[in-house]
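Structure data follow from upload.txt (compact mmCIF, N, CA and C atoms):
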```
# COMPACT_ATOMS: atom_id res chain seq x y z
N PRO E 1 -4.87 0.77 0.17
CA PRO E 1 -4.24 -0.46 0.65
C PRO E 1 -3.67 -1.30 -0.49
N GLY E 2 -4.27 -1.28 -1.67
CA GLY E 2 -3.80 -2.09 -2.77
C GLY E 2 -2.44 -1.65 -3.29
N ALA E 3 -2.24 -0.33 -3.35
CA ALA E 3 -0.97 0.18 -3.86
C ALA E 3 0.18 -0.18 -2.93
N ARG E 4 -0.06 -0.14 -1.62
CA ARG E 4 1.00 -0.51 -0.67
C ARG E 4 1.41 -1.96 -0.84
N ALA E 5 0.43 -2.83 -1.08
CA ALA E 5 0.74 -4.24 -1.27
C ALA E 5 1.51 -4.45 -2.57
N GLU E 6 1.16 -3.70 -3.62
CA GLU E 6 1.87 -3.83 -4.88
C GLU E 6 3.31 -3.35 -4.76
N VAL E 7 3.51 -2.25 -4.04
CA VAL E 7 4.86 -1.74 -3.82
C VAL E 7 5.67 -2.75 -2.99
N ALA E 8 5.05 -3.32 -1.98
CA ALA E 8 5.74 -4.31 -1.15
C ALA E 8 6.11 -5.55 -1.96
N ALA E 9 5.21 -5.98 -2.83
CA ALA E 9 5.50 -7.14 -3.68
C ALA E 9 6.65 -6.84 -4.64
N ALA E 10 6.66 -5.64 -5.21
CA ALA E 10 7.73 -5.25 -6.11
C ALA E 10 9.07 -5.17 -5.38
N LYS E 11 9.04 -4.66 -4.15
CA LYS E 11 10.26 -4.56 -3.36
C LYS E 11 10.83 -5.93 -3.05
N VAL E 12 9.96 -6.85 -2.68
CA VAL E 12 10.42 -8.22 -2.39
C VAL E 12 11.01 -8.85 -3.64
N ALA E 13 10.32 -8.73 -4.76
CA ALA E 13 10.79 -9.34 -6.00
C ALA E 13 12.13 -8.76 -6.44
N ALA E 14 12.25 -7.44 -6.42
CA ALA E 14 13.49 -6.80 -6.85
C ALA E 14 14.64 -7.09 -5.89
N GLY E 15 14.36 -7.05 -4.60
CA GLY E 15 15.40 -7.31 -3.61
C GLY E 15 15.91 -8.74 -3.67
N GLU E 16 15.00 -9.69 -3.81
CA GLU E 16 15.41 -11.09 -3.89
C GLU E 16 16.17 -11.36 -5.19
N ALA E 17 15.75 -10.73 -6.28
CA ALA E 17 16.44 -10.92 -7.56
C ALA E 17 17.86 -10.36 -7.51
N ALA E 18 18.01 -9.16 -6.94
CA ALA E 18 19.35 -8.56 -6.84
C ALA E 18 20.25 -9.38 -5.93
N TYR E 19 19.71 -9.86 -4.83
CA TYR E 19 20.51 -10.66 -3.89
C TYR E 19 20.91 -12.00 -4.51
N ALA E 20 19.98 -12.63 -5.24
CA ALA E 20 20.30 -13.90 -5.90
C ALA E 20 21.35 -13.69 -7.00
N ALA E 21 21.24 -12.60 -7.74
CA ALA E 21 22.23 -12.31 -8.77
C ALA E 21 23.60 -12.05 -8.17
N ALA E 22 23.64 -11.35 -7.04
CA ALA E 22 24.91 -11.08 -6.37
C ALA E 22 25.54 -12.37 -5.86
N ARG E 23 24.74 -13.25 -5.29
CA ARG E 23 25.26 -14.53 -4.81
C ARG E 23 25.78 -15.38 -5.96
N THR E 24 25.06 -15.39 -7.07
CA THR E 24 25.49 -16.15 -8.24
C THR E 24 26.78 -15.58 -8.82
N ALA E 25 26.87 -14.27 -8.88
CA ALA E 25 28.09 -13.62 -9.39
C ALA E 25 29.28 -13.93 -8.49
N LEU E 26 29.04 -13.97 -7.20
CA LEU E 26 30.13 -14.29 -6.28
C LEU E 26 30.60 -15.73 -6.48
N GLN E 27 29.66 -16.65 -6.70
CA GLN E 27 30.05 -18.03 -6.98
C GLN E 27 30.85 -18.12 -8.27
N LEU E 28 30.45 -17.36 -9.27
CA LEU E 28 31.14 -17.38 -10.55
C LEU E 28 32.56 -16.83 -10.44
N HIS E 29 32.71 -15.72 -9.73
CA HIS E 29 34.01 -15.06 -9.65
C HIS E 29 34.88 -15.56 -8.50
N GLY E 30 34.30 -16.25 -7.56
CA GLY E 30 35.08 -16.78 -6.46
C GLY E 30 35.48 -15.71 -5.46
N ALA E 31 36.58 -15.94 -4.78
CA ALA E 31 37.02 -15.06 -3.69
C ALA E 31 37.39 -13.66 -4.16
N ILE E 32 37.70 -13.49 -5.44
CA ILE E 32 38.04 -12.16 -5.93
C ILE E 32 36.86 -11.20 -5.78
N GLY E 33 35.65 -11.75 -5.71
CA GLY E 33 34.47 -10.90 -5.55
C GLY E 33 34.43 -10.15 -4.23
N TYR E 34 35.17 -10.62 -3.23
CA TYR E 34 35.20 -9.96 -1.94
C TYR E 34 36.26 -8.87 -1.86
N THR E 35 37.16 -8.80 -2.83
CA THR E 35 38.23 -7.81 -2.76
C THR E 35 37.69 -6.43 -3.15
N ASP E 36 38.29 -5.41 -2.58
CA ASP E 36 37.86 -4.04 -2.87
C ASP E 36 38.30 -3.57 -4.25
N GLU E 37 39.26 -4.26 -4.86
CA GLU E 37 39.71 -3.87 -6.18
C GLU E 37 38.71 -4.27 -7.27
N TYR E 38 37.81 -5.12 -6.94
CA TYR E 38 36.84 -5.63 -7.92
C TYR E 38 35.48 -5.03 -7.61
N ASP E 39 34.76 -4.54 -8.61
CA ASP E 39 33.49 -3.85 -8.41
C ASP E 39 32.38 -4.74 -7.86
N LEU E 40 32.55 -6.04 -7.98
CA LEU E 40 31.52 -6.95 -7.50
C LEU E 40 31.31 -6.82 -6.00
N SER E 41 32.37 -6.55 -5.24
CA SER E 41 32.22 -6.41 -3.79
C SER E 41 31.30 -5.24 -3.45
N LEU E 42 31.40 -4.15 -4.18
CA LEU E 42 30.53 -3.00 -3.96
C LEU E 42 29.09 -3.35 -4.30
N TRP E 43 28.90 -4.06 -5.39
CA TRP E 43 27.56 -4.45 -5.82
C TRP E 43 26.92 -5.41 -4.82
N ILE E 44 27.71 -6.33 -4.28
CA ILE E 44 27.18 -7.27 -3.28
C ILE E 44 26.75 -6.52 -2.02
N ARG E 45 27.58 -5.57 -1.57
CA ARG E 45 27.23 -4.80 -0.36
C ARG E 45 25.96 -3.99 -0.58
N LYS E 46 25.81 -3.39 -1.76
CA LYS E 46 24.61 -2.61 -2.05
C LYS E 46 23.37 -3.49 -2.11
N ALA E 47 23.48 -4.64 -2.75
CA ALA E 47 22.33 -5.55 -2.85
C ALA E 47 21.91 -6.04 -1.48
N ARG E 48 22.87 -6.36 -0.63
CA ARG E 48 22.56 -6.83 0.72
C ARG E 48 21.90 -5.73 1.55
N ALA E 49 22.39 -4.50 1.43
CA ALA E 49 21.82 -3.39 2.19
C ALA E 49 20.43 -3.01 1.69
N LEU E 50 20.25 -2.98 0.38
CA LEU E 50 18.95 -2.59 -0.17
C LEU E 50 17.88 -3.66 0.03
N ARG E 51 18.30 -4.89 0.19
CA ARG E 51 17.33 -5.97 0.43
C ARG E 51 16.56 -5.73 1.73
N GLY E 52 17.24 -5.20 2.74
CA GLY E 52 16.59 -4.96 4.02
C GLY E 52 16.13 -3.53 4.25
N ALA E 53 16.41 -2.64 3.30
CA ALA E 53 16.02 -1.24 3.48
C ALA E 53 14.51 -1.09 3.32
N TRP E 54 13.92 -0.20 4.09
CA TRP E 54 12.49 0.11 4.07
C TRP E 54 11.62 -1.11 4.34
N GLY E 55 12.07 -1.95 5.23
CA GLY E 55 11.32 -3.13 5.62
C GLY E 55 11.96 -4.40 5.09
N SER E 56 12.07 -5.36 5.96
CA SER E 56 12.68 -6.63 5.57
C SER E 56 11.76 -7.38 4.60
N PRO E 57 12.30 -8.35 3.89
CA PRO E 57 11.45 -9.13 2.98
C PRO E 57 10.27 -9.79 3.70
N SER E 58 10.48 -10.24 4.93
CA SER E 58 9.38 -10.89 5.65
C SER E 58 8.27 -9.89 6.00
N VAL E 59 8.62 -8.66 6.32
CA VAL E 59 7.61 -7.62 6.61
C VAL E 59 6.84 -7.30 5.33
N CYS E 60 7.55 -7.19 4.21
CA CYS E 60 6.86 -6.89 2.94
C CYS E 60 5.97 -8.04 2.50
N ARG E 61 6.42 -9.27 2.72
CA ARG E 61 5.57 -10.42 2.38
C ARG E 61 4.30 -10.43 3.23
N ALA E 62 4.44 -10.10 4.50
CA ALA E 62 3.28 -10.04 5.39
C ALA E 62 2.31 -8.96 4.93
N ARG E 63 2.83 -7.83 4.46
CA ARG E 63 1.97 -6.76 3.97
C ARG E 63 1.20 -7.20 2.72
N VAL E 64 1.86 -7.97 1.87
CA VAL E 64 1.19 -8.46 0.65
C VAL E 64 0.11 -9.46 1.04
N LEU E 65 0.39 -10.34 1.96
CA LEU E 65 -0.58 -11.34 2.35
C LEU E 65 -1.76 -10.76 3.12
N ALA E 66 -1.55 -9.62 3.79
CA ALA E 66 -2.61 -8.99 4.56
C ALA E 66 -3.64 -8.30 3.67
N SER E 67 -3.25 -8.02 2.44
CA SER E 67 -4.17 -7.30 1.53
C SER E 67 -5.20 -8.21 0.92
```
Could you rewrite the structure in this file as C-alpha cells?
Amino acid sequence: PGARAEVAAAKVAAGEAAYAAARTALQLHGAIGYTDEYDLSLWIRKARALRGAWGSPSVCRARVLAS
C-alpha cells in the first residue's frame, strides 16, 4: 500500500508541475502558443493529457490520503 501512495503522490506532483509550466509558457508566448507551427501547442496538449492519464489528480490525492 505504501508504494502505491508514493507513486500517486509523484504522479500528482509531476502532473501539476507540467501543467503549471505549460500554462506559464502559454502566458509568456501569448496566442502563438496555440498555433500548430509552434512546438508549445504540442507540449501543452501532452501536459493536459498526461495530467489526467492513469487517474485524475483528485483520485491520486485520495489514494495518498487513504494511506
Using the chain letters and numbers from this document, which residues of chain E does DSSP assign to alpha helix (DSSP H), as an MDAnalysis selection string? chainID E and resid 2:29 39:52 57:66
Include N, CA and C atoms and write out the residues we just selected as a compact mmCIF listing (two decimals), keeping the file's coordinate frame.
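So the final result, stored in selection_37.txt, reads:
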```txt
# COMPACT_ATOMS: atom_id res chain seq x y z
N GLY E 2 -4.27 -1.28 -1.67
CA GLY E 2 -3.80 -2.09 -2.77
C GLY E 2 -2.44 -1.65 -3.29
N ALA E 3 -2.24 -0.33 -3.35
CA ALA E 3 -0.97 0.18 -3.86
C ALA E 3 0.18 -0.18 -2.93
N ARG E 4 -0.06 -0.14 -1.62
CA ARG E 4 1.00 -0.51 -0.67
C ARG E 4 1.41 -1.96 -0.84
N ALA E 5 0.43 -2.83 -1.08
CA ALA E 5 0.74 -4.24 -1.27
C ALA E 5 1.51 -4.45 -2.57
N GLU E 6 1.16 -3.70 -3.62
CA GLU E 6 1.87 -3.83 -4.88
C GLU E 6 3.31 -3.35 -4.76
N VAL E 7 3.51 -2.25 -4.04
CA VAL E 7 4.86 -1.74 -3.82
C VAL E 7 5.67 -2.75 -2.99
N ALA E 8 5.05 -3.32 -1.98
CA ALA E 8 5.74 -4.31 -1.15
C ALA E 8 6.11 -5.55 -1.96
N ALA E 9 5.21 -5.98 -2.83
CA ALA E 9 5.50 -7.14 -3.68
C ALA E 9 6.65 -6.84 -4.64
N ALA E 10 6.66 -5.64 -5.21
CA ALA E 10 7.73 -5.25 -6.11
C ALA E 10 9.07 -5.17 -5.38
N LYS E 11 9.04 -4.66 -4.15
CA LYS E 11 10.26 -4.56 -3.36
C LYS E 11 10.83 -5.93 -3.05
N VAL E 12 9.96 -6.85 -2.68
CA VAL E 12 10.42 -8.22 -2.39
C VAL E 12 11.01 -8.85 -3.64
N ALA E 13 10.32 -8.73 -4.76
CA ALA E 13 10.79 -9.34 -6.00
C ALA E 13 12.13 -8.76 -6.44
N ALA E 14 12.25 -7.44 -6.42
CA ALA E 14 13.49 -6.80 -6.85
C ALA E 14 14.64 -7.09 -5.89
N GLY E 15 14.36 -7.05 -4.60
CA GLY E 15 15.40 -7.31 -3.61
C GLY E 15 15.91 -8.74 -3.67
N GLU E 16 15.00 -9.69 -3.81
CA GLU E 16 15.41 -11.09 -3.89
C GLU E 16 16.17 -11.36 -5.19
N ALA E 17 15.75 -10.73 -6.28
CA ALA E 17 16.44 -10.92 -7.56
C ALA E 17 17.86 -10.36 -7.51
N ALA E 18 18.01 -9.16 -6.94
CA ALA E 18 19.35 -8.56 -6.84
C ALA E 18 20.25 -9.38 -5.93
N TYR E 19 19.71 -9.86 -4.83
CA TYR E 19 20.51 -10.66 -3.89
C TYR E 19 20.91 -12.00 -4.51
N ALA E 20 19.98 -12.63 -5.24
CA ALA E 20 20.30 -13.90 -5.90
C ALA E 20 21.35 -13.69 -7.00
N ALA E 21 21.24 -12.60 -7.74
CA ALA E 21 22.23 -12.31 -8.77
C ALA E 21 23.60 -12.05 -8.17
N ALA E 22 23.64 -11.35 -7.04
CA ALA E 22 24.91 -11.08 -6.37
C ALA E 22 25.54 -12.37 -5.86
N ARG E 23 24.74 -13.25 -5.29
CA ARG E 23 25.26 -14.53 -4.81
C ARG E 23 25.78 -15.38 -5.96
N THR E 24 25.06 -15.39 -7.07
CA THR E 24 25.49 -16.15 -8.24
C THR E 24 26.78 -15.58 -8.82
N ALA E 25 26.87 -14.27 -8.88
CA ALA E 25 28.09 -13.62 -9.39
C ALA E 25 29.28 -13.93 -8.49
N LEU E 26 29.04 -13.97 -7.20
CA LEU E 26 30.13 -14.29 -6.28
C LEU E 26 30.60 -15.73 -6.48
N GLN E 27 29.66 -16.65 -6.70
CA GLN E 27 30.05 -18.03 -6.98
C GLN E 27 30.85 -18.12 -8.27
N LEU E 28 30.45 -17.36 -9.27
CA LEU E 28 31.14 -17.38 -10.55
C LEU E 28 32.56 -16.83 -10.44
N HIS E 29 32.71 -15.72 -9.73
CA HIS E 29 34.01 -15.06 -9.65
C HIS E 29 34.88 -15.56 -8.50
N ASP E 39 34.76 -4.54 -8.61
CA ASP E 39 33.49 -3.85 -8.41
C ASP E 39 32.38 -4.74 -7.86
N LEU E 40 32.55 -6.04 -7.98
CA LEU E 40 31.52 -6.95 -7.50
C LEU E 40 31.31 -6.82 -6.00
N SER E 41 32.37 -6.55 -5.24
CA SER E 41 32.22 -6.41 -3.79
C SER E 41 31.30 -5.24 -3.45
N LEU E 42 31.40 -4.15 -4.18
CA LEU E 42 30.53 -3.00 -3.96
C LEU E 42 29.09 -3.35 -4.30
N TRP E 43 28.90 -4.06 -5.39
CA TRP E 43 27.56 -4.45 -5.82
C TRP E 43 26.92 -5.41 -4.82
N ILE E 44 27.71 -6.33 -4.28
CA ILE E 44 27.18 -7.27 -3.28
C ILE E 44 26.75 -6.52 -2.02
N ARG E 45 27.58 -5.57 -1.57
CA ARG E 45 27.23 -4.80 -0.36
C ARG E 45 25.96 -3.99 -0.58
N LYS E 46 25.81 -3.39 -1.76
CA LYS E 46 24.61 -2.61 -2.05
C LYS E 46 23.37 -3.49 -2.11
N ALA E 47 23.48 -4.64 -2.75
CA ALA E 47 22.33 -5.55 -2.85
C ALA E 47 21.91 -6.04 -1.48
N ARG E 48 22.87 -6.36 -0.63
CA ARG E 48 22.56 -6.83 0.72
C ARG E 48 21.90 -5.73 1.55
N ALA E 49 22.39 -4.50 1.43
CA ALA E 49 21.82 -3.39 2.19
C ALA E 49 20.43 -3.01 1.69
N LEU E 50 20.25 -2.98 0.38
CA LEU E 50 18.95 -2.59 -0.17
C LEU E 50 17.88 -3.66 0.03
N ARG E 51 18.30 -4.89 0.19
CA ARG E 51 17.33 -5.97 0.43
C ARG E 51 16.56 -5.73 1.73
N GLY E 52 17.24 -5.20 2.74
CA GLY E 52 16.59 -4.96 4.02
C GLY E 52 16.13 -3.53 4.25
N PRO E 57 12.30 -8.35 3.89
CA PRO E 57 11.45 -9.13 2.98
C PRO E 57 10.27 -9.79 3.70
N SER E 58 10.48 -10.24 4.93
CA SER E 58 9.38 -10.89 5.65
C SER E 58 8.27 -9.89 6.00
N VAL E 59 8.62 -8.66 6.32
CA VAL E 59 7.61 -7.62 6.61
C VAL E 59 6.84 -7.30 5.33
N CYS E 60 7.55 -7.19 4.21
CA CYS E 60 6.86 -6.89 2.94
C CYS E 60 5.97 -8.04 2.50
N ARG E 61 6.42 -9.27 2.72
CA ARG E 61 5.57 -10.42 2.38
C ARG E 61 4.30 -10.43 3.23
N ALA E 62 4.44 -10.10 4.50
CA ALA E 62 3.28 -10.04 5.39
C ALA E 62 2.31 -8.96 4.93
N ARG E 63 2.83 -7.83 4.46
CA ARG E 63 1.97 -6.76 3.97
C ARG E 63 1.20 -7.20 2.72
N VAL E 64 1.86 -7.97 1.87
CA VAL E 64 1.19 -8.46 0.65
C VAL E 64 0.11 -9.46 1.04
N LEU E 65 0.39 -10.34 1.96
CA LEU E 65 -0.58 -11.34 2.35
C LEU E 65 -1.76 -10.76 3.12
N ALA E 66 -1.55 -9.62 3.79
CA ALA E 66 -2.61 -8.99 4.56
C ALA E 66 -3.64 -8.30 3.67
```
Choose the residue, out of E:Cys60, E:Ala8, E:Ala25, E:Ala13, that has the smallest atom-to-atom separation from E:Asp39; count only C-alpha atoms.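 The closest residue to E:Asp39 is E:Ala25.
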Quick one: distance from atom CA of E:Leu42 to atom C of E:Leu28 in Å, one decimal?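 A separation of 15.4 Å between them.
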Coordinates-based distance that separates atom C of E:Ala3 from atom CA of E:Val59 (Å, one decimal):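 These atoms are spaced 14.2 Å apart.
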Grab the atom CA of E:Arg45 to atom N of E:Leu26 distance for me, in Å with one decimal place.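 Taking atom CA of E:Arg45 and atom N of E:Leu26, their separation equals 11.6 Å.
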E:Arg63, E:Leu50, E:Leu40, E:Ser58: which is nearest E:Thr24, counting only C-alpha atoms? E:Leu40
Using only N, CA and C atoms, determine which residues lie at most 7 Å from E:Pro57, disregarding the query and same-chain residues fewer than 5 positions distant; provide the list as an MDAnalysis selection string. chainID E and resid 11:12 51:52 62
4 Å per side around stretch 31-34 of chain E: axis-aligned box centre and edge lengths, as AutoDock Vina command-line options:
```
--center_x 36.2 --center_y -12.4 --center_z -3.9 --size_x 11.6 --size_y 15.1 --size_z 12.1
```
Using all atoms listed in the file: which of E:Trp54, E:Glu6, E:Tyr38, E:Ile44 has the shortest distance to E:Arg23: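 Result for the nearest residue to E:Arg23: E:Ile44.
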I'd like the contact shell of E:Ala47 - 8 Å cut-off, all atoms listed in the file, skipping same-chain residues fewer than 5 positions apart - returned as a list of chain:residue names.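 These residues fall inside the cut-off: E:Gly15, E:Ala18, E:Tyr19, E:Ala20, E:Ala22, E:Ser41, E:Leu42, E:Gly52.
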